[in-house]
file target30.pdb (PDB, C-alpha atoms)
ATOM      1  CA  MET M   1      -6.367 -65.287-200.757
ATOM      2  CA  ALA M   2      -9.563 -65.605-198.773
ATOM      3  CA  GLN M   3      -7.673 -67.268-195.935
ATOM      4  CA  VAL M   4      -5.215 -64.349-195.742
ATOM      5  CA  GLU M   5      -8.015 -61.775-195.582
ATOM      6  CA  LEU M   6      -9.838 -63.821-192.968
ATOM      7  CA  GLU M   7      -6.743 -64.021-190.771
ATOM      8  CA  GLU M   8      -6.214 -60.283-191.173
ATOM      9  CA  LYS M   9      -9.773 -59.564-190.056
ATOM     10  CA  ILE M  10      -9.407 -61.838-187.029
ATOM     11  CA  ARG M  11      -6.184 -59.980-186.104
ATOM     12  CA  GLU M  12      -7.949 -56.597-186.411
ATOM     13  CA  ALA M  13     -10.883 -57.692-184.231
ATOM     14  CA  PRO M  14     -10.795 -56.418-180.612
ATOM     15  CA  THR M  15      -9.124 -58.827-178.190
ATOM     16  CA  PRO M  16     -11.355 -60.308-175.469
ATOM     17  CA  VAL M  17     -11.664 -58.279-172.267
ATOM     18  CA  ALA M  18      -9.184 -59.508-169.661
ATOM     19  CA  GLY M  19     -10.008 -60.029-165.978
ATOM     20  CA  LEU M  20     -13.495 -59.536-164.587
ATOM     21  CA  SER M  21     -15.720 -60.192-167.550
ATOM     22  CA  PHE M  22     -17.943 -62.921-166.088
ATOM     23  CA  TRP M  23     -19.749 -60.784-163.483
ATOM     24  CA  PRO M  24     -20.861 -57.921-165.770
ATOM     25  CA  TRP M  25     -22.147 -60.502-168.261
ATOM     26  CA  PHE M  26     -23.891 -62.537-165.534
ATOM     27  CA  LEU M  27     -25.398 -59.521-163.698
ATOM     28  CA  GLN M  28     -26.670 -58.069-167.007
ATOM     29  CA  ARG M  29     -28.754 -61.213-167.435
ATOM     30  CA  VAL M  30     -29.885 -61.433-163.795
ATOM     31  CA  THR M  31     -30.938 -57.754-163.674
ATOM     32  CA  GLY M  32     -32.559 -58.112-167.110
ATOM     33  CA  GLY M  33     -34.733 -61.031-165.979
ATOM     34  CA  ALA M  34     -35.597 -59.276-162.703
ATOM     35  CA  LEU M  35     -36.456 -56.039-164.547
ATOM     36  CA  LEU M  36     -38.949 -57.892-166.736
ATOM     37  CA  ILE M  37     -40.918 -58.828-163.586
ATOM     38  CA  LEU M  38     -40.339 -55.535-161.704
ATOM     39  CA  LEU M  39     -41.180 -53.289-164.671
ATOM     40  CA  THR M  40     -44.346 -55.258-165.403
ATOM     41  CA  LEU M  41     -45.405 -54.670-161.772
ATOM     42  CA  HIS M  42     -44.349 -51.006-161.990
ATOM     43  CA  ILE M  43     -46.292 -50.307-165.196
ATOM     44  CA  VAL M  44     -49.402 -52.267-164.213
ATOM     45  CA  VAL M  45     -49.662 -51.007-160.611
ATOM     46  CA  ASN M  46     -48.514 -47.400-161.125
ATOM     47  CA  HIS M  47     -50.047 -46.718-164.516
ATOM     48  CA  ILE M  48     -52.639 -49.230-165.738
ATOM     49  CA  PHE M  49     -54.412 -49.190-162.337
ATOM     50  CA  ASN M  50     -54.248 -45.387-162.265
ATOM     51  CA  ILE M  51     -55.787 -45.122-165.734
ATOM     52  CA  ALA M  52     -58.781 -47.070-164.405
ATOM     53  CA  GLU M  53     -58.947 -44.851-161.289
ATOM     54  CA  VAL M  54     -58.834 -41.651-163.373
ATOM     55  CA  GLU M  55     -61.622 -43.009-165.584
ATOM     56  CA  ASP M  56     -63.710 -43.711-162.474
ATOM     57  CA  ASP M  57     -62.924 -40.190-161.163
ATOM     58  CA  ILE M  58     -61.223 -41.655-158.071
ATOM     59  CA  LEU M  59     -57.956 -39.900-158.970
ATOM     60  CA  PRO M  60     -57.638 -36.331-160.363
ATOM     61  CA  GLY M  61     -54.577 -37.207-162.508
ATOM     62  CA  LEU M  62     -52.412 -40.068-163.736
ATOM     63  CA  VAL M  63     -49.380 -39.334-161.531
ATOM     64  CA  ILE M  64     -50.324 -37.691-158.232
ATOM     65  CA  PHE M  65     -47.924 -36.982-155.336
ATOM     66  CA  SER M  66     -50.349 -38.070-152.603
ATOM     67  CA  ASP M  67     -51.155 -41.294-154.503
ATOM     68  CA  VAL M  68     -47.446 -42.189-154.695
ATOM     69  CA  ALA M  69     -47.034 -41.269-151.006
ATOM     70  CA  ASP M  70     -49.961 -43.561-150.088
ATOM     71  CA  ARG M  71     -48.360 -46.436-151.943
ATOM     72  CA  PHE M  72     -45.058 -45.949-150.141
ATOM     73  CA  GLU M  73     -46.765 -46.652-146.818
ATOM     74  CA  THR M  74     -46.559 -50.296-147.859
ATOM     75  CA  PRO M  75     -42.962 -51.544-147.326
ATOM     76  CA  ALA M  76     -43.147 -53.853-150.388
ATOM     77  CA  TYR M  77     -43.270 -50.779-152.654
ATOM     78  CA  TRP M  78     -39.973 -49.587-151.186
ATOM     79  CA  VAL M  79     -38.388 -52.932-151.982
ATOM     80  CA  ILE M  80     -39.723 -52.759-155.566
ATOM     81  CA  ALA M  81     -38.660 -49.108-155.985
ATOM     82  CA  LEU M  82     -35.120 -49.680-154.684
ATOM     83  CA  LEU M  83     -34.646 -52.827-156.775
ATOM     84  CA  LEU M  84     -35.975 -51.020-159.867
ATOM     85  CA  LEU M  85     -33.704 -48.020-159.299
ATOM     86  CA  SER M  86     -30.521 -50.054-158.759
ATOM     87  CA  PHE M  87     -31.181 -52.795-161.327
ATOM     88  CA  ALA M  88     -32.322 -50.427-164.095
ATOM     89  CA  LEU M  89     -29.314 -48.128-163.571
ATOM     90  CA  PHE M  90     -26.873 -51.052-163.571
ATOM     91  CA  HIS M  91     -28.505 -52.714-166.588
ATOM     92  CA  GLY M  92     -28.615 -49.502-168.643
ATOM     93  CA  LEU M  93     -25.135 -48.209-167.824
ATOM     94  CA  ASN M  94     -23.492 -51.640-168.111
ATOM     95  CA  GLY M  95     -25.277 -51.979-171.457
ATOM     96  CA  ILE M  96     -23.655 -48.728-172.616
ATOM     97  CA  ARG M  97     -20.245 -50.139-171.574
ATOM     98  CA  ASN M  98     -20.979 -53.387-173.450
ATOM     99  CA  ILE M  99     -21.633 -51.397-176.631
ATOM    100  CA  LEU M 100     -18.353 -49.479-176.229
ATOM    101  CA  LEU M 101     -16.468 -52.762-175.581
ATOM    102  CA  ASP M 102     -17.883 -54.005-178.891
ATOM    103  CA  TYR M 103     -16.257 -51.012-180.582
ATOM    104  CA  GLY M 104     -12.893 -52.031-179.098
ATOM    105  CA  LEU M 105     -12.731 -49.997-175.865
ATOM    106  CA  ARG M 106      -9.924 -51.510-173.751
ATOM    107  CA  GLY M 107      -7.337 -50.671-171.078
ATOM    108  CA  THR M 108      -7.130 -47.082-169.838
ATOM    109  CA  GLY M 109     -10.077 -45.977-171.968
ATOM    110  CA  ASP M 110     -12.196 -48.743-170.463
ATOM    111  CA  LYS M 111     -11.140 -47.736-166.929
ATOM    112  CA  ILE M 112     -12.087 -44.097-167.584
ATOM    113  CA  VAL M 113     -15.449 -45.009-169.133
ATOM    114  CA  THR M 114     -16.229 -47.577-166.397
ATOM    115  CA  GLY M 115     -15.353 -44.981-163.739
ATOM    116  CA  ALA M 116     -17.507 -42.340-165.429
ATOM    117  CA  LEU M 117     -20.486 -44.713-165.791
ATOM    118  CA  LEU M 118     -20.054 -45.782-162.149
ATOM    119  CA  GLY M 119     -20.069 -42.093-161.163
ATOM    120  CA  VAL M 120     -23.242 -41.413-163.170
ATOM    121  CA  GLY M 121     -24.835 -44.526-161.659
ATOM    122  CA  MET M 122     -23.957 -43.621-158.061
ATOM    123  CA  ALA M 123     -25.125 -40.007-158.538
ATOM    124  CA  ALA M 124     -28.421 -41.087-160.143
ATOM    125  CA  PHE M 125     -28.943 -43.716-157.414
ATOM    126  CA  THR M 126     -28.359 -41.158-154.627
ATOM    127  CA  PHE M 127     -30.641 -38.638-156.365
ATOM    128  CA  GLY M 128     -33.271 -41.368-156.789
ATOM    129  CA  ILE M 129     -33.180 -42.223-153.069
ATOM    130  CA  ILE M 130     -33.584 -38.519-152.158
ATOM    131  CA  ALA M 131     -36.481 -38.249-154.637
ATOM    132  CA  LEU M 132     -38.225 -41.324-153.186
ATOM    133  CA  ALA M 133     -37.645 -40.185-149.593
ATOM    134  CA  ALA M 134     -39.397 -36.878-150.421
ATOM    135  CA  PHE M 135     -42.674 -38.796-150.823
ATOM    136  CA  ILE M 136     -42.713 -39.789-147.160
ATOM    137  CA  ALA M 137     -41.237 -36.568-145.765
TER     138      ALA M 137
ATOM    139  CA  MET P   1     -14.770 -69.991-201.670
ATOM    140  CA  TYR P   2     -14.325 -66.295-200.804
ATOM    141  CA  LYS P   3     -17.953 -65.385-200.128
ATOM    142  CA  PRO P   4     -19.128 -67.944-197.548
ATOM    143  CA  VAL P   5     -16.048 -67.299-195.354
ATOM    144  CA  ASP P   6     -16.227 -63.509-195.596
ATOM    145  CA  ALA P   7     -19.984 -63.482-195.073
ATOM    146  CA  GLN P   8     -19.366 -64.142-191.359
ATOM    147  CA  PHE P   9     -18.049 -60.604-191.089
ATOM    148  CA  GLN P  10     -20.805 -58.940-193.074
ATOM    149  CA  ALA P  11     -22.705 -57.822-190.010
ATOM    150  CA  ARG P  12     -24.125 -54.890-191.963
ATOM    151  CA  ALA P  13     -26.053 -57.093-194.368
ATOM    152  CA  MET P  14     -29.431 -56.549-192.746
ATOM    153  CA  ARG P  15     -30.621 -60.034-192.065
ATOM    154  CA  THR P  16     -33.109 -60.848-189.298
ATOM    155  CA  GLY P  17     -30.436 -61.477-186.650
ATOM    156  CA  THR P  18     -28.709 -58.182-187.472
ATOM    157  CA  VAL P  19     -31.984 -56.274-187.275
ATOM    158  CA  ALA P  20     -32.663 -57.895-183.874
ATOM    159  CA  TRP P  21     -29.156 -56.985-182.670
ATOM    160  CA  LEU P  22     -29.487 -53.396-183.891
ATOM    161  CA  LEU P  23     -32.982 -52.893-182.421
ATOM    162  CA  GLN P  24     -31.835 -54.310-179.055
ATOM    163  CA  ARG P  25     -28.933 -51.869-179.037
ATOM    164  CA  LEU P  26     -30.923 -48.792-180.108
ATOM    165  CA  SER P  27     -33.799 -49.558-177.709
ATOM    166  CA  GLY P  28     -31.250 -50.109-174.905
ATOM    167  CA  ILE P  29     -29.593 -46.717-175.491
ATOM    168  CA  PHE P  30     -33.017 -45.058-175.741
ATOM    169  CA  LEU P  31     -34.295 -46.689-172.529
ATOM    170  CA  THR P  32     -31.140 -45.728-170.599
ATOM    171  CA  ILE P  33     -31.553 -42.084-171.643
ATOM    172  CA  TYR P  34     -35.252 -42.299-170.745
ATOM    173  CA  LEU P  35     -34.353 -43.787-167.326
ATOM    174  CA  ILE P  36     -32.095 -40.835-166.463
ATOM    175  CA  ILE P  37     -34.787 -38.329-167.570
ATOM    176  CA  HIS P  38     -37.420 -40.316-165.634
ATOM    177  CA  ILE P  39     -35.333 -40.157-162.415
ATOM    178  CA  ILE P  40     -34.848 -36.384-162.881
ATOM    179  CA  VAL P  41     -38.593 -35.791-163.517
ATOM    180  CA  ILE P  42     -39.682 -37.863-160.488
ATOM    181  CA  GLY P  43     -36.900 -36.080-158.535
ATOM    182  CA  ASN P  44     -39.143 -33.009-158.629
ATOM    183  CA  SER P  45     -40.808 -34.600-155.587
ATOM    184  CA  VAL P  46     -38.178 -32.726-153.530
ATOM    185  CA  ARG P  47     -39.856 -29.450-154.622
ATOM    186  CA  GLY P  48     -43.026 -30.446-152.806
ATOM    187  CA  GLU P  49     -46.481 -31.794-153.586
ATOM    188  CA  ASP P  50     -47.893 -28.843-155.575
ATOM    189  CA  ALA P  51     -44.834 -28.365-157.789
ATOM    190  CA  PHE P  52     -44.709 -32.125-158.457
ATOM    191  CA  ASP P  53     -48.404 -32.393-159.417
ATOM    192  CA  ASP P  54     -48.153 -29.276-161.630
ATOM    193  CA  LEU P  55     -45.150 -30.670-163.509
ATOM    194  CA  LEU P  56     -46.532 -34.203-163.910
ATOM    195  CA  GLY P  57     -49.780 -32.710-165.252
ATOM    196  CA  ILE P  58     -47.832 -31.685-168.391
ATOM    197  CA  PHE P  59     -47.454 -35.371-169.295
ATOM    198  CA  GLU P  60     -51.200 -35.935-169.488
ATOM    199  CA  ASN P  61     -51.717 -34.450-172.957
ATOM    200  CA  PRO P  62     -52.686 -36.904-175.742
ATOM    201  CA  LEU P  63     -49.302 -36.762-177.519
ATOM    202  CA  MET P  64     -47.425 -37.675-174.320
ATOM    203  CA  LEU P  65     -49.854 -40.522-173.582
ATOM    204  CA  VAL P  66     -49.357 -42.007-177.060
ATOM    205  CA  LEU P  67     -45.584 -41.710-176.562
ATOM    206  CA  ASP P  68     -46.043 -43.517-173.207
ATOM    207  CA  ALA P  69     -47.738 -46.392-175.035
ATOM    208  CA  GLY P  70     -44.781 -46.436-177.456
ATOM    209  CA  LEU P  71     -42.381 -46.514-174.517
ATOM    210  CA  VAL P  72     -44.160 -49.550-173.039
ATOM    211  CA  GLY P  73     -43.912 -51.234-176.462
ATOM    212  CA  VAL P  74     -40.167 -50.538-176.662
ATOM    213  CA  VAL P  75     -39.689 -51.928-173.126
ATOM    214  CA  ALA P  76     -41.671 -55.043-174.102
ATOM    215  CA  PHE P  77     -39.541 -55.595-177.218
ATOM    216  CA  HIS P  78     -36.259 -55.088-175.346
ATOM    217  CA  ALA P  79     -37.383 -57.482-172.580
ATOM    218  CA  LEU P  80     -38.681 -60.218-174.894
ATOM    219  CA  ASN P  81     -35.706 -60.028-177.242
ATOM    220  CA  GLY P  82     -33.525 -60.055-174.091
ATOM    221  CA  ILE P  83     -35.084 -63.384-173.097
ATOM    222  CA  ARG P  84     -34.240 -64.611-176.608
ATOM    223  CA  LEU P  85     -30.601 -63.606-176.049
ATOM    224  CA  ILE P  86     -30.471 -65.307-172.613
ATOM    225  CA  LEU P  87     -31.795 -68.490-174.253
ATOM    226  CA  PHE P  88     -29.008 -68.277-176.841
ATOM    227  CA  ASP P  89     -26.433 -67.916-174.019
ATOM    228  CA  LEU P  90     -27.818 -71.195-172.665
ATOM    229  CA  ALA P  91     -27.516 -72.654-176.200
ATOM    230  CA  ILE P  92     -31.304 -72.963-176.425
ATOM    231  CA  GLY P  93     -33.245 -72.117-179.584
ATOM    232  CA  LEU P  94     -30.339 -70.908-181.755
ATOM    233  CA  ARG P  95     -31.874 -72.795-184.665
ATOM    234  CA  TYR P  96     -35.107 -70.803-184.255
ATOM    235  CA  GLN P  97     -33.523 -67.366-183.800
ATOM    236  CA  LYS P  98     -35.513 -65.749-186.643
ATOM    237  CA  VAL P  99     -38.876 -67.092-185.475
ATOM    238  CA  LEU P 100     -38.054 -66.070-181.877
ATOM    239  CA  PHE P 101     -37.266 -62.529-183.060
ATOM    240  CA  TRP P 102     -40.604 -62.283-184.839
ATOM    241  CA  ILE P 103     -42.446 -63.641-181.784
ATOM    242  CA  ALA P 104     -40.742 -60.977-179.607
ATOM    243  CA  PHE P 105     -41.528 -58.276-182.183
ATOM    244  CA  ILE P 106     -45.191 -59.213-182.677
ATOM    245  CA  VAL P 107     -45.896 -59.676-178.944
ATOM    246  CA  ALA P 108     -44.258 -56.272-178.274
ATOM    247  CA  LEU P 109     -46.447 -54.770-181.010
ATOM    248  CA  GLY P 110     -49.449 -56.309-179.229
ATOM    249  CA  VAL P 111     -48.326 -54.756-175.918
ATOM    250  CA  PHE P 112     -48.028 -51.372-177.688
ATOM    251  CA  ILE P 113     -51.514 -51.668-179.190
ATOM    252  CA  GLY P 114     -52.935 -52.733-175.797
ATOM    253  CA  SER P 115     -51.260 -49.742-174.111
ATOM    254  CA  ALA P 116     -52.490 -47.420-176.872
ATOM    255  CA  VAL P 117     -56.049 -48.643-176.324
ATOM    256  CA  ALA P 118     -55.648 -48.068-172.552
ATOM    257  CA  VAL P 119     -54.461 -44.458-173.017
ATOM    258  CA  ARG P 120     -57.064 -43.879-175.741
ATOM    259  CA  ASN P 121     -59.822 -44.379-173.168
ATOM    260  CA  ILE P 122     -58.301 -41.567-171.083
ATOM    261  CA  ILE P 123     -57.960 -39.251-174.110
ATOM    262  CA  VAL P 124     -61.533 -39.892-175.272
ATOM    263  CA  ASP P 125     -62.785 -39.268-171.718
TER     264      ASP P 125
END
call {"tool": "encode", "arguments": {"input": "target30.pdb", "output": "structure tokens"}}
result
Amino acid sequence: MAQVELEEKIREAPTPVAGLSFWPWFLQRVTGGALLILLTLHIVVNHIFNIAEVEDDILPGLVIFSDVADRFETPAYWVIALLLLSFALFHGLNGIRNILLDYGLRGTGDKIVTGALLGVGMAAFTFGIIALAAFIA
Amino acid sequence: MYKPVDAQFQARAMRTGTVAWLLQRLSGIFLTIYLIIHIIVIGNSVRGEDAFDDLLGIFENPLMLVLDAGLVGVVAFHALNGIRLILFDLAIGLRYQKVLFWIAFIVALGVFIGSAVAVRNIIVD
């Protein structure tokens, strides 16, 4: 009785994803670990430091165009910004796909969703680059 | 005989591991939506310095600053619980999964409180 129900539930469960399933899994973990370091830098340098500078009346506000532009004169900030933009977009959008795969998304549906998420990612990445470039224009 | 076998499929019985799984998922969806909004808001840099500073000034009211502290707390939880999940992938610490969840949760709560104190100083100023 219990065995029959168990077997039925196993049969109803989504089949594993065929093909390229290692790289999304692996990159989710690599970008996740990198984001922990990059986001800590981002929050501390861009926000915690600025809170102190606003308190000391060095800065007129918490997020100021000229302050961001000053920071981008240092090449390391470009590296951090570009890594943050690409890693965060990949990690977030691939995470959305992972959730949908858990609900049984496979085959054509998966291809459509993956294509759509890739499109959103590429568009947001391009927009992000244009936005960052505006600070040095 | 029936219960122990079937219990493997009772993901909706809210035990610690299920709560951790659900919070990771909800925080992940939330942070992805926030990321897109964040890119759009910062994208206002293309409208020039004055327009950018005017818009970003909106986010300096006390409510927004408290929400910022909450955001940092959510990021901290998602990151720390993410480390917990990477450890499980490496077959490390599975036996301590509940304790590891609570460590992630409490440290994230600490990060939230620390951030709230930081923004409080600005609000009180």
call {"tool": "atom_distance", "arguments": {"input": "target30.pdb", "atom1": "CA of Glu60 (chain P)", "atom2": "CA of Phe30 (chain P)"}}
result
21.3 Å
call {"tool": "resolve_selection", "arguments": {"input": "target30.pdb", "expression": "the ChimeraX specification (/M :<8) & /P", "output": "MDAnalysis selection string"}}
result
chainID P and resid 1:2 5:6 25 28:29 31:32 35:36 39 42:46 48:49 52:53 56:57 60 79 82:83 86 118:119 121:122 125
call {"tool": "atom_distance", "arguments": {"input": "target30.pdb", "atom1": "CA of Ser86 (chain M)", "atom2": "CA of Ala123 (chain M)"}}
result
11.4 Å
call {"tool": "residues_around", "arguments": {"input": "target30.pdb", "residues": "Val107 (chain P)", "least_positions_apart": "6", "cutoff": "10 Å", "atoms": "all atoms listed in the file", "output": "list in words"}}
result
Gly73, Ala76, Phe77, Leu80, Phe101 and Ile113 of chain P
call {"tool": "atom_distance", "arguments": {"input": "target30.pdb", "atom1": "CA of Trp21 (chain P)", "atom2": "CA of Trp23 (chain M)"}}
result
21.7 Å
call {"tool": "resolve_selection", "arguments": {"input": "target30.pdb", "expression": "the PyMOL selection byres ((chain M and resi 103) around 12)", "output": "PyMOL selection string"}}
result
chain M and resi 12-17+96-102+104-106+109-110
call {"tool": "resolve_selection", "arguments": {"input": "target30.pdb", "expression": "the PyMOL selection byres ((chain P and resi 104) around 12)", "output": "PyMOL selection string"}}
result
chain P and resi 20+23-24+73-85+97-103+105-111
call {"tool": "closest_residue", "arguments": {"input": "target30.pdb", "among": "M:Leu27, M:Val68, M:Leu117, M:Val44", "to": "Val72 (chain P)", "atoms": "only C-alpha atoms"}}
result
M:Val44
call {"tool": "residues_near_point", "arguments": {"input": "target30.pdb", "point": "(-45.5, -48.4, -153.6)", "cutoff": "12 Å", "atoms": "all atoms listed in the file", "output": "number ranges by chain"}}
result
M: 38, 41-47, 65-82, 84, 132, 135-136
call {"tool": "axis_aligned_box", "arguments": {"input": "target30.pdb", "around": "region 83-87 of chain M", "padding_each_side": "4 Å", "output": "lines of an AutoDock Vina configuration file"}}
result
center_x = -33.2
center_y = -50.4
center_z = -159.1
size_x = 13.5
size_y = 12.8
size_z = 12.6
call {"tool": "decode", "arguments": {"input": "target30.pdb", "residues": "region 67-90 of chain P", "atoms": "N, CA and C atoms", "output": "mmCIF file, in the first residue's frame"}}
result
data_model
loop_
_atom_site.group_PDB
_atom_site.id
_atom_site.type_symbol
_atom_site.label_atom_id
_atom_site.label_comp_id
_atom_site.auth_asym_id
_atom_site.auth_seq_id
_atom_site.Cartn_x
_atom_site.Cartn_y
_atom_site.Cartn_z
ATOM 1 N N LEU P 67 13.890 50.774 5.490
ATOM 2 C CA LEU P 67 13.737 49.701 4.504
ATOM 3 C C LEU P 67 15.105 49.277 3.950
ATOM 4 N N ASP P 68 16.021 50.241 3.792
ATOM 5 C CA ASP P 68 17.390 49.935 3.349
ATOM 6 C C ASP P 68 18.069 48.985 4.329
ATOM 7 N N ALA P 69 17.902 49.283 5.636
ATOM 8 C CA ALA P 69 18.489 48.415 6.661
ATOM 9 C C ALA P 69 17.892 47.012 6.558
ATOM 10 N N GLY P 70 16.580 46.931 6.301
ATOM 11 C CA GLY P 70 15.916 45.643 6.103
ATOM 12 C C GLY P 70 16.484 44.908 4.904
ATOM 13 N N LEU P 71 16.722 45.661 3.830
ATOM 14 C CA LEU P 71 17.285 45.082 2.608
ATOM 15 C C LEU P 71 18.650 44.456 2.892
ATOM 16 N N VAL P 72 19.493 45.177 3.630
ATOM 17 C CA VAL P 72 20.824 44.663 3.971
ATOM 18 C C VAL P 72 20.681 43.377 4.807
ATOM 19 N N GLY P 73 19.701 43.357 5.713
ATOM 20 C CA GLY P 73 19.442 42.155 6.504
ATOM 21 C C GLY P 73 19.022 40.971 5.641
ATOM 22 N N VAL P 74 18.163 41.226 4.663
ATOM 23 C CA VAL P 74 17.703 40.162 3.755
ATOM 24 C C VAL P 74 18.882 39.632 2.927
ATOM 25 N N VAL P 75 19.727 40.552 2.436
ATOM 26 C CA VAL P 75 20.926 40.144 1.686
ATOM 27 C C VAL P 75 21.816 39.261 2.558
ATOM 28 N N ALA P 76 22.008 39.693 3.828
ATOM 29 C CA ALA P 76 22.864 38.942 4.750
ATOM 30 C C ALA P 76 22.304 37.541 4.974
ATOM 31 N N PHE P 77 20.972 37.435 5.179
ATOM 32 C CA PHE P 77 20.387 36.110 5.381
ATOM 33 C C PHE P 77 20.578 35.237 4.152
ATOM 34 N N HIS P 78 20.268 35.782 2.973
ATOM 35 C CA HIS P 78 20.360 35.010 1.731
ATOM 36 C C HIS P 78 21.804 34.532 1.500
ATOM 37 N N ALA P 79 22.776 35.400 1.801
ATOM 38 C CA ALA P 79 24.185 35.062 1.612
ATOM 39 C C ALA P 79 24.637 33.978 2.594
ATOM 40 N N LEU P 80 24.283 34.163 3.882
ATOM 41 C CA LEU P 80 24.733 33.213 4.899
ATOM 42 C C LEU P 80 24.046 31.856 4.738
ATOM 43 N N ASN P 81 22.743 31.880 4.442
ATOM 44 C CA ASN P 81 22.055 30.615 4.204
ATOM 45 C C ASN P 81 22.570 29.974 2.917
ATOM 46 N N GLY P 82 23.007 30.813 1.957
ATOM 47 C CA GLY P 82 23.605 30.303 0.713
ATOM 48 C C GLY P 82 24.897 29.555 0.991
ATOM 49 N N ILE P 83 25.698 30.078 1.931
ATOM 50 C CA ILE P 83 26.928 29.373 2.323
ATOM 51 C C ILE P 83 26.560 28.017 2.920
ATOM 52 N N ARG P 84 25.501 28.013 3.736
ATOM 53 C CA ARG P 84 25.007 26.765 4.336
ATOM 54 C C ARG P 84 24.666 25.749 3.236
ATOM 55 N N LEU P 85 24.020 26.217 2.170
ATOM 56 C CA LEU P 85 23.631 25.317 1.084
ATOM 57 C C LEU P 85 24.848 24.820 0.303
ATOM 58 N N ILE P 86 25.863 25.698 0.117
ATOM 59 C CA ILE P 86 27.092 25.274 -0.571
ATOM 60 C C ILE P 86 27.799 24.194 0.267
ATOM 61 N N LEU P 87 27.805 24.386 1.587
ATOM 62 C CA LEU P 87 28.407 23.372 2.466
ATOM 63 C C LEU P 87 27.704 22.025 2.309
ATOM 64 N N PHE P 88 26.359 22.079 2.196
ATOM 65 C CA PHE P 88 25.604 20.826 2.044
ATOM 66 C C PHE P 88 25.952 20.155 0.714
ATOM 67 N N ASP P 89 26.156 20.967 -0.352
ATOM 68 C CA ASP P 89 26.553 20.413 -1.651
ATOM 69 C C ASP P 89 27.877 19.678 -1.539
ATOM 70 N N LEU P 90 28.740 20.156 -0.621
ATOM 71 C CA LEU P 90 30.042 19.531 -0.404
ATOM 72 C C LEU P 90 29.951 18.440 0.673
#
